[in-house]
Each structure stands twice: as structure tokens, then as C-alpha cells.
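Contents: one structure, followed by commentary.
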Amino acid sequence: MQVTETLAEGLKREITITVPATDLSSKLDDKLSSLKSQVRLPGFRPGKVPVSHLKKIYGKQAMAEVINETLSESTNAAIAEREEKPASEPKFTLPDDEAEAEDIIAGKRDLEIAVSYEIIPDFEVKNFSGIAIERPVVDVDDALIDERLKQIASSNRTYKDVKRKSKDEDQLTIDFVGKVDGEAFEGGSAEGFKLVLGSGQFIPGFEDQLVGSKAGDTKTVDVTFPEEYGAEHLAGKPASFEVTVHGVGAPEDAVVDEAMAVNLGMESLDKLKEAVKSQVENEFGQKTRMKVKRQLLDALDEAYDFELPPTLVEQEFDSVWKQVTDDLERASRTFEDEDTTEEKAREEYQGLAERRVRLGLLLAEVGNQNKVEVTNEELQRAVVMRAQQFPGQEREVIEFFQKNPEQLAGVRAPIFEDKVIDFILELADVTDKSVQPEDLDDEEDDHDH
């Protein structure tokens with residue numbers, strides 16, 4: 001096998017691999033020999049068919065298989081010998097002249113393969129000890145737990161029937177039938193529905209028009225679905241609901257006590273407090289993790305600047321852009337509605353794509369250099385968690401991942417990334433800062449890798 005470089009421009013590479021006809025013929029003979037015990041031909045005992053006869057019958061098909069196998073084998077060997085890391089799957093170009101192709105298959109001509117690919121750039125992984133990270137931490141004290149318990153009590157409060165007109169925070173028991181253009185629509189009707197006035201459970205204007213109603217009333221509620229409503233066939237359309245009120249319930253005081261805990265399935269109020277504290281700590285811990293990760297990725301993005309494989313950036317941009325445009329289409333919105341233009345949006349998301357590719361390459365290199373690995377146990381646990389999102393189909397989901405390695409790689413990637421981030425955080429200068437719960441809720445654009 002002979003390898004000739006024909007292009008080395010930035011991260012782009014093109015090489016020509018020449019595989020001698022004698023090598024192809026040798027591989028063809030080996031393949032045909034392995035067929036001898038499998039082929040059954042009239043006039044020949046099993047395993048006794050001469051290779052020369054097999055070549056007449058199966059030679060063209062077998063040589064095509066040999067060439068196909070040689071493509072990946074020779075390309076992998078050539079790139080490994082050059083000590084390069086392809087950024088994506090190399091592209092092959094074979095001779096397109098029919099006569100030349102016939103000669104190659106017949107073993108009369110050497111096989112020339114033109115291979116083009118992009119390489120992962122070389123860059124130095126710097127010392128992480130200089131990265132300063134401020135970790136926001138919320139003290140989950142008794143006052144915070146008591147506040148959360150009051151919220152739980154409020155959301156589980158009971159209602160007592162009253163003989164009066166309804167007001168905000170009352171619970172109505174209603175039947176309703178919704179119509180658009182005079183026709184009832186799917187999901188627009190219900191019987192015995194419990195609606196708390198002021199909860200915002202229904203579209204704007206619906207609950208307001210029921211304030212002041214009493215048991216036995218029948219009212220027509222006219223509303224307009226929001227432009228960004230999830231169901232496209234209803235978005236922005238006026239609708240009319242015929243509502244029958246069967247009862248009005250006044251909210252009883254929300255009391256945090258042993259009875260509430262038992263009603264929620266807990267042994268005691270103390271056990272409920274323990275469960276709530278654990279839940280709140282986990283909730284805040286996840287938010288803290290997100291903010292720390294954001295700081296770290298921002299710092300890494302600031303510290304590294306190296307050439308990126310154009311194809312990887314293009315693939316990442318295409319993926320991001322499709323999601324953006326699909327979201328706009330579903331919401332029936334335009335870039336102008338988002339106070340931007342398509343040109344500005346493309347520029348912004350091009351930068352996001354470059355950031356993600358840069359960070360992805362960096363984290364992969366850090367992980368490889370420091371032998372960060374995802375264990376089979378971690379991978380299986382993640383697959384099971386994915387499967388549990390589809391009750392009744394767990395087995396099918398697990399089998400799907402087992403049969404599709406590329407999909408399994410998608411499960412592995414975020415686990416690997418988190419382990420690499422943990423590795424870097426161990427080396428970085430991380431200090432804790434006490435904050436309030438609302439400080440963890442600052443909204444930020446998702447620029448994480």
C-alpha cells in the first residue's frame with residue numbers, strides 16, 4: 001500500500017491510497033477459499049469446489065466485497081500511520097471510469113482511493129488551577145423548609161361547599177363545552193372539572209368571567225386563544241365556552257400538621273420535613289451545578305482559541321439552526337417577533353456552534369489524556385433511566401440502545417462530559433458563596449456544550 005498526500009491546507013487533508021492488484025487478488029483468494037466449505041454446486045462434493053471455479057462464478061461479487069473492506073482498512077491504516085485524528089468520517093472517491101473499474105475488479109489494475117478528511121487540531125491543555133469558580137450555595141434552613149411546607153399545604157388544601165357567589169381562590173365544579181367557529185373542538189369539553197379561580201389554569205380571560213357565578217348558573221365565556229398557543233389549529237382564534245356551574249367551594253385554611261403529612265402518605269410530620277429537605281437540597285444542588293458548569297465552560301471558552309474543523313462546525317450549526325427554525329414555526333413566530341433578523345440570528349448561532357465544537361474537542365482531549373472513562377455500569381444505569389421514561393416499553397427501549405451503538409454513544413456523551421468537568425473542577429480554584437434561593441433562578445441563554 002502506497003500513500004501520497006495531495007492536500008494539507010489548515011485542517012483539511014487529502015491523500016491517495018494505492019493498493020496493488022496483487023494484494024487485492026490475494027485477499028480475493030482468501031475470501032473464495034473461505035467460501036469452499038459453504039458453497040454447494042452440482043457435480044462437486046462439499047468443500048471440494050476449486051477456487052478457480054468459484055472465481056468464475058462468484059469472483060466479481062467477492063472482489064466488490066474485498067474492495068469495500070479494503071476502503072476502510074487501508075484508510076484507517078494510512079491515517080494511523082500519519083498519526084492524525086480525523087474529526088469525522090473520511091470521504092472516499094473511487095475511479096468512475098467504467099473500464100478502469102472493471103479492470104480493478106478483474107484484478108488487472110491497482111486500486112487508487114482518493115480520501116478527503118479533516119483532522120482534529122493540536123492544542124496544549126493548560127493548567128486548570130488558575131481557573132477561579134464561585135459556587136453559589138443556599139443554606140437549606142428551617143425557615144426555608146417551613147415555607148416549602150406551607151406551599152405544599154396550600155396546593156393540597158381542601159374546599160368547603162358554600163351557598164354564595166364565587167370569588168378569587170374559590171374552587172368551582174363545572175361542566176364546559178368549547179367551540180371555535182361554531183364547532184366543538186377536541187379537548188375543549190369536560191364534566192365535573194375542578195377549577196380554582198385565579199390559578200391561571202385556563203387561558204387568559206376564562207377564569208375572570210366566572211368570578212361572581214354561583215351553583216346552578218350557566219354562562220357563556222368568550223375568549224381568544226393566545227397566538228403562541230401550543231395547538232396550531234387553535235392559536236389566535238376566538239372561542240366560546242358554554243359553562244355550567246355545579247358548585248362553589250371556599251378554601252379552608254392550609255394547615256401544616258400531622259394530618260396533612262399522613263394524607264400525603266408520610267408516617268409523620270417529621271418524616272415529611274426530612275423528605276422536603278432532601279428534595280430542596282437536591283433541587284438547589286442541581287441549580288448550583290448548572291451555574292458552576294456554566295462558569296467553567298465560559299472560562300474554558302475564554303482561555304482556548306484554536307482552529308476548528310469546518311465540517312464539525314457546519315454540522316453543529318445545522319443542528320442548532322433546525323431546532324431554532326422548528327421552534328419558530330411551531331409558535332408561528334418570525335425573527336422579527338424575536339426582535340432580531342435572520343442574519344443576526346445566524347451570526348449568533350454560528351458563534352454558539354463554534355463554542356460547542358471547541359469545548360467538545362477540549363473536553364474530549366482532557367478526558368483522553370487523563371483516562372476518564374464511562375463504566376458499563378454507568379452506561380447501563382443511564383439506559384435504564386431513559387427506558388423508565390416510556391412506561392410499558394422499557395424492554396423495547398433497552399433493546400433499541402443495545403442494537404444501535406450510535407444511539408448508545410449519545411447516552412455516553414453527557415456522562416463522559418460531566419466526569420471530565422468534575423475532573424477539572426477538582427483542579428480549579430472553587431470557592432463557595434452563600435446566596436438566596438432566587439439567586440439560583442437567574443435565567444441565562446443555553447450556551448453550554
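Residues in the C-alpha cells are named by chain (A, B, ... in the order shown) and by number from 1 within that chain; ligands are numbered from 1 in the order shown.
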Could you name the residues that touch Ala80 (chain A) at 12 Å or less, counting only C-alpha atoms, but leaving out those on the same chain fewer than 6 positions away, as a PyMOL selection string? chain A and resi 3+72-74+86+119
Selection to disk with C-alpha atoms, as a PDB file, in the first residue's frame:
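Writing the result to out08.pdb gives the following:
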```
ATOM      1  CA  VAL A   3       0.055   6.699   0.455  1.00  0.00           C
ATOM      2  CA  SER A  72     -11.935   1.287   5.480  1.00  0.00           C
ATOM      3  CA  GLU A  73      -8.958  -0.930   6.356  1.00  0.00           C
ATOM      4  CA  SER A  74      -6.457   0.928   4.191  1.00  0.00           C
ATOM      5  CA  PRO A  86      -9.985  12.507  11.827  1.00  0.00           C
ATOM      6  CA  ILE A 119      -8.234  16.454  11.376  1.00  0.00           C
TER       7      ILE A 119
END
```
If we count only C-alpha atoms, what is near region 211-214 of chain A at a cut-off of 8 Å, once residues fewer than 3 positions away on the same chain are taken out, given as JSON, numbers by chain? {"A": [163, 164, 165, 166, 167, 168, 197, 207, 208, 217, 245, 246, 247, 248]}
Selection above as a file: C-alpha atoms, as a PDB file, in the first residue's frame:
```pdb
ATOM      1  CA  LYS A 163     -74.050  28.905  49.026  1.00  0.00           C
ATOM      2  CA  ARG A 164     -72.783  32.223  47.676  1.00  0.00           C
ATOM      3  CA  LYS A 165     -71.295  33.855  44.620  1.00  0.00           C
ATOM      4  CA  SER A 166     -67.750  32.817  43.807  1.00  0.00           C
ATOM      5  CA  LYS A 167     -64.648  34.920  44.247  1.00  0.00           C
ATOM      6  CA  ASP A 168     -60.910  34.557  43.639  1.00  0.00           C
ATOM      7  CA  LEU A 197     -60.331  30.818  40.244  1.00  0.00           C
ATOM      8  CA  GLU A 207     -61.494  32.404  34.946  1.00  0.00           C
ATOM      9  CA  ASP A 208     -62.165  36.146  35.275  1.00  0.00           C
ATOM     10  CA  ASP A 217     -75.577  29.264  36.796  1.00  0.00           C
ATOM     11  CA  VAL A 245     -71.558  25.760  37.455  1.00  0.00           C
ATOM     12  CA  HIS A 246     -72.483  22.886  39.773  1.00  0.00           C
ATOM     13  CA  GLY A 247     -70.876  24.099  42.989  1.00  0.00           C
ATOM     14  CA  VAL A 248     -68.733  26.698  44.724  1.00  0.00           C
TER      15      VAL A 248
END
```
Work out how far apart CA of Arg358 (chain A) and CA of Glu5 (chain A) are and give it in Å to one decimal.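 If I compute the distance from CA of Arg358 (chain A) to CA of Glu5 (chain A), I get 26.8 Å.
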Would you mind telling me which residue in A:Glu228, A:Gln380, A:Lys271, A:Pro136 lies nearest to Thr334 (chain A) when using only C-alpha atoms?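 Among A:Glu228, A:Gln380, A:Lys271, A:Pro136, it is A:Glu228 that comes nearest to Thr334 (chain A).
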Can you write out as a Markdown table which residues of region 252-273 of chain A fall within 7 Å of region 146-161 of chain A, alongside each residue's closest atom pair and its distance in Å to one decimal, counting only C-alpha atoms and ordering rows by chain and ascending residue number?
```
| residue | atom | partner | partner_atom | distance |
| --- | --- | --- | --- | --- |
| A:Glu252 | CA | A:Tyr159 | CA | 5.6 |
| A:Ala254 | CA | A:Ala153 | CA | 5.2 |
| A:Val255 | CA | A:Ala153 | CA | 6.2 |
| A:Val256 | CA | A:Ala153 | CA | 6.1 |
```
Can I get the selected residues back with C-alpha atoms, as a CSV table (one decimal), in the first residue's frame?
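What landed in out.csv:
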```
chain,number,residue,atom,x,y,z
A,252,GLU,CA,-60.2,26.1,54.1
A,254,ALA,CA,-53.9,25.4,54.8
A,255,VAL,CA,-52.6,23.8,58.0
A,256,VAL,CA,-49.2,22.1,58.3
```
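Close contacts of region 276-280 of chain A, defined as residues with an atom at most 8 Å away when counting only C-alpha atoms, with chain neighbours fewer than 3 positions off set aside, comprise Val140, Ile145, Arg148, Leu149, Leu272, Lys273, Glu283 and Phe284 of chain A.
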Expected file: the selected residues, N, CA and C atoms, as a short mmCIF file (atom, residue, chain, number, x, y, z; two decimals), in the first residue's frame:
```
data_model
loop_
_atom_site.label_atom_id
_atom_site.label_comp_id
_atom_site.auth_asym_id
_atom_site.auth_seq_id
_atom_site.Cartn_x
_atom_site.Cartn_y
_atom_site.Cartn_z
N VAL A 140 -30.11 25.48 53.35
CA VAL A 140 -31.47 24.97 53.49
C VAL A 140 -31.79 24.91 54.98
N ILE A 145 -37.59 25.34 54.84
CA ILE A 145 -38.41 24.13 54.86
C ILE A 145 -39.85 24.47 55.23
N ARG A 148 -41.64 25.93 52.28
CA ARG A 148 -41.99 24.90 51.30
C ARG A 148 -43.17 24.06 51.80
N LEU A 149 -43.20 23.79 53.12
CA LEU A 149 -44.32 23.02 53.68
C LEU A 149 -45.64 23.79 53.54
N LEU A 272 -42.04 13.96 56.83
CA LEU A 272 -42.34 14.83 55.69
C LEU A 272 -41.29 15.94 55.59
N LYS A 273 -40.92 16.51 56.74
CA LYS A 273 -39.90 17.56 56.74
C LYS A 273 -38.57 17.03 56.19
N GLU A 283 -32.76 19.84 44.63
CA GLU A 283 -33.17 20.86 43.66
C GLU A 283 -32.14 21.98 43.57
N PHE A 284 -31.73 22.50 44.73
CA PHE A 284 -30.74 23.58 44.75
C PHE A 284 -29.37 23.08 44.28
#
```
Write down as a PyMOL selection string the residues belonging to region 69-290 of chain A that are assigned strand (DSSP E) by DSSP computed on the backbone. chain A and resi 91-93+111-118+132-137+159-161+171-180+183-196+218-224+238-251
All helix (DSSP H, G or I) positions in region 248-400 of chain A, as a PyMOL selection string: chain A and resi 258-263+269-303+310-330+336-338+342-369+376-387+394-400
Quick one, how far is CA of Leu111 (chain A) from CA of Ile67 (chain A)?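 If I compute the distance from CA of Leu111 (chain A) to CA of Ile67 (chain A), I get 8.2 Å.
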Would you mind listing what lies within 9 Å of Lys433 (chain A) as a list in words, with only C-alpha atoms counted and same-chain residues fewer than 6 positions away left out?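 Once the nearby chain positions are removed, what remains is Glu134, Arg135, Pro136, Val137 and Val138 of chain A.
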Next, write the just-selected residues to a file, as a PDB file, in the first residue's frame, keeping C-alpha atoms as the atom set.
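Result file again-v1.pdb:
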```
ATOM      1  CA  GLU A 134     -17.560  30.858  42.592  1.00  0.00           C
ATOM      2  CA  ARG A 135     -20.014  28.168  43.666  1.00  0.00           C
ATOM      3  CA  PRO A 136     -23.388  29.615  44.818  1.00  0.00           C
ATOM      4  CA  VAL A 137     -24.726  27.724  47.826  1.00  0.00           C
ATOM      5  CA  VAL A 138     -28.125  28.068  49.518  1.00  0.00           C
TER       6      VAL A 138
END
```
With distances taken over only C-alpha atoms, which of A:Met1, A:Ala21, A:Leu312, A:Leu440 is nearest to Lys291 (chain A)? A:Leu440
Under the rule that only C-alpha atoms are counted, which of A:Gly205, A:Pro238, A:Pro251, A:Gly200 is the nearest residue to Gly178 (chain A)? A:Pro238
Would you kindly return, as a list in words, each protein, DNA or RNA residue with an atom no farther than 12 Å from any atom of Lys419 (chain A), considering only C-alpha atoms and excluding same-chain residues fewer than 3 positions away? Lys293, Leu363, Ala364, Val366, Gly367, Asn368, Asn370, Lys371, Val372, Glu373, Val374, Thr375, Glu378, Arg412, Ala413, Pro414, Ile415, Phe416, Asp422, Phe423, Ile424, Leu425 and Glu426 of chain A
Name all residues at most 12 Å from Leu94 (chain A) (count only C-alpha atoms; drop same-chain ones fewer than 6 positions away) and give them as number ranges by chain. A: 16-18, 67-68, 70-71, 100-101, 104, 110-116
Hey, which of A:Ser240, A:Asn404, A:Thr75, A:Asn376 ends up closest to Lys219 (chain A)? Count only C-alpha atoms.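 Distance minimum relative to Lys219 (chain A) lands on A:Ser240.
Proximity to Arg330 (chain A) was assessed for A:Ala231, A:Ala8, A:Asn76, A:Leu172 counting only C-alpha atoms; the smallest distance is recorded for A:Ala231.
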Nearest to Ala428 (chain A), chosen from A:Thr218, A:Asn127, A:Gln393, A:Thr93, with only C-alpha atoms counted in the distances: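 Comparing A:Thr218, A:Asn127, A:Gln393, A:Thr93 against Ala428 (chain A), the winner is A:Asn127.
If you count only C-alpha atoms and ignore residues fewer than 5 places along the chain from region 385-387 of chain A, what sits within 9 Å of it is Gln380, Gln393, Glu394, Arg395, Glu396, Val397, Ile398 and Val411 of chain A.
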Saved selection, atoms kept: C-alpha atoms, as a compact mmCIF listing (two decimals), in the first residue's frame:
```txt
# COMPACT_ATOMS: atom_id res chain seq x y z
CA GLN A 380 -26.48 0.73 31.75
CA GLN A 393 -41.95 -0.09 26.71
CA GLU A 394 -38.85 -0.41 28.87
CA ARG A 395 -37.65 -3.65 27.28
CA GLU A 396 -38.04 -2.29 23.74
CA VAL A 397 -36.12 0.88 24.61
CA ILE A 398 -33.24 -1.06 26.18
CA VAL A 411 -26.19 8.34 26.07
```
